[in-house]
Amino acid sequence: MIDLFRAFATKDDFFYDGAFIAKVKYQRFQSKLENETYKNEIMKSNRRLCIINCSGYVNNEIVETLTVYLMMNAAVKEATQLEPIKDVGTLWRNFSIEEIADFSHLTGDTNSIHLTENPVVQGLLILKELCDTIQTNEIEVKYVYPVYGGEPIYIKYEGNLIKGFSNGILCFKVTLL
């Protein structure tokens, strides 16, 4: 999974500094194999939205795929809820500033929003940890509001939907496929 993220983040002809992941879909069709090669394909690109598909192959067969929907030139959204949600679920994670920086260095993600004193947690780091927690190989995550380093994240299960909250604000919705 990390190698796939690195292949996505270090695509030579694509620059996404300041962009936000709006949605990501990950699927693994086989367990991790050696000699996986990666291919990026830009499915759509305009000044507001870029959709990139990154796939891992072994012997010309797809073994995993990552589809990322990026909001380009977007400003950080202001919280639309006036009052925090009271029942926010179970404490799940709290990503430290160091974890966020380490993940940026590990994957080659140089987007400046992850490398500040108050960094935004990478959408792919959240995705990775959700896959590890839930033990799933098929997942879709829609990011609603940024999660910041040092802020606790709570999750609430609702069937095949999981909602993630930070500071009483809905930050992401997960669909288990």
# chains A, B, ... in the order shown; residues from 1 in each chain; ligands from 1
$ residues_around --residues "Leu33 of chain A" --least-positions-apart "4" --cutoff "10 Å" --atoms "only C-alpha atoms" --output "PyMOL selection string"
chain A and resi 56-58+63
$ write_last_selection --atoms "N, CA, C and O atoms" --output "short mmCIF file (atom, residue, chain, number, x, y, z; two decimals), in the first residue's frame"
data_model
loop_
_atom_site.label_atom_id
_atom_site.label_comp_id
_atom_site.auth_asym_id
_atom_site.auth_seq_id
_atom_site.Cartn_x
_atom_site.Cartn_y
_atom_site.Cartn_z
N GLY A 56 -1.28 -0.87 -9.20
CA GLY A 56 -0.12 -1.74 -9.04
C GLY A 56 -0.33 -3.01 -9.83
O GLY A 56 -1.42 -3.59 -9.80
N TYR A 57 0.70 -3.42 -10.56
CA TYR A 57 0.61 -4.59 -11.43
C TYR A 57 1.70 -5.60 -11.08
O TYR A 57 2.80 -5.23 -10.71
N VAL A 58 1.37 -6.87 -11.28
CA VAL A 58 2.34 -7.95 -11.26
C VAL A 58 2.03 -8.80 -12.49
O VAL A 58 0.89 -9.24 -12.68
N VAL A 63 -3.15 -5.74 -9.22
CA VAL A 63 -3.25 -6.34 -7.90
C VAL A 63 -3.81 -5.35 -6.87
O VAL A 63 -4.34 -5.76 -5.84
#
$ residues_around --residues "Met1 of chain A" --least-positions-apart "3" --cutoff "12 Å" --atoms "only C-alpha atoms" --output "number ranges by chain"
A: 4-8, 26-33, 36, 38, 54-56, 63-66, 106-107, 124-125, 127-129, 131-132, 137
$ select_by_dssp --residues "segment 89-172 of chain A" --states "helix (DSSP H, G or I)" --output "number ranges by chain"
A: 97-107, 112-114, 123-134
$ atom_distance --atom1 "atom CA of Ile113 of chain A" --atom2 "atom CA of Met43 of chain A"
24.0 Å
